[in-house]
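I have placed the structure first, in the form of structure tokens, so that the comments after it can refer back to it.
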Amino acid sequence: MDITWYGQNCFRIIERGRLSIVTDPFSEAIGLPIPKLKADVVTLSHNHPDYANLEAVKGYQHLLTGAGEYEIGGVFIYGVALHAIEKSSVFHNIGYVFKYDDVSALHLGNLRHVPDQSTLEAIGEVHVVMVPVGGGDALKASAAAEVIALLEPSYIVPMHYAIDGLKDNLDPIEKFLKEMGISKVQEEDMLRVTSNMPEQPQVVVLRPQA
């Protein structure tokens with residue numbers, strides 16, 4: 001499984017010869033250049049135009065916008081309701097589990113609260129978690145670290161934090177790394193995940209690809 005990040009919540013997930021997925025394609029309104037994306041499936045975590053720029057993705061045949069179980073091209077996708085109840089309103093957010101054979105990845109969307117234990121247990125084992133860490137309308141660093149501790153993934157890929165060009169006022173990645181007790185990480189252009197998992201959880205900071 002190869003995971004590439006384009007900024008905010010937008011990733012492309014693919015395995016050679018298998019289904020390709022794009023998550024939360026963003027619009028130019030957030031300040032980042034629009035990448036040229038191609039995928040079989042697009043997933044949207046929440047109904048906001050800044051995270052639903054479908055025109056940026058070519059060739060997709062399936063659009064997933066809600067909770068449910070899907071099997072597309074031999075890949076299992078599970079949409080999980082991770083809504084936040086705030087005062088008298090509900091912030092709708094869907095997390096997605098992508099399972100390619102023995103490797104599974106969880107994209108938490110714009111999660112803004114720590115889900116209860118039963119919700120996370122229902123998700124099951126995940127090897128990779130893509131988690132918002134920069135605050136704003138999603139998790140802050142401390143809450144992100146709490147969610148990670150509950151999920152116990154092998155790889156942690158932070159998203160939704162301050163990068164050059166982004167208009168949103170978010171915290172920098174360093175705040176999350178400090179929360180995780182990490183002083184220095186090696187940035188990567190892509191995360192390649194195989195069935196051979198590391199013995200200890202690894203935080204992988206991806207460079208946003210234009």
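Going by the structure tokens order, chains are called A, B, ..., each with residues numbered from 1, while ligands are numbered from 1 in the order shown.
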Item to complete: May I have the residues within 7 Å of region 12-29 of chain A as a list in words, using only C-alpha atoms and disregarding those fewer than 4 positions away in the same chain?
Response: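 Close residues of region 12-29 of chain A: Met1, Asp2, Ile3, Thr4, Trp5, Pro33, Ile34, Ala39, Asp40, Val41, Val42, Thr43, Leu44, Ser45, Asp50, Tyr51, Ala52, Asn53, Leu54, Ala56, Gly73 and Val75 of chain A.
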Fill in: DSSP-assigned alpha helix (DSSP H) among region 87-162 of chain A, expressed as a list in words
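So the alpha helix (DSSP H) residues in region 87-162 of chain A would be Gln117, Ser118, Thr119, Leu120, Glu121, Ala122, Ile123, Ala141, Ser142, Ala143, Ala144, Ala145, Glu146, Val147, Ile148, Ala149, Leu150 and Leu151 of chain A.
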Practice prompt. Give me every strand (DSSP E) residue in region 128-166 of chain A, going by DSSP on the backbone, as number ranges by chain.
Written response: A: 128-132, 155-159
Practice prompt. Between A:Leu166, A:Val203, A:Leu111, A:Ala149, single out the one closest to Gln8 (chain A), counting only C-alpha atoms.
Written response: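 Ranking A:Leu166, A:Val203, A:Leu111, A:Ala149 by distance to Gln8 (chain A), first place goes to A:Leu166.
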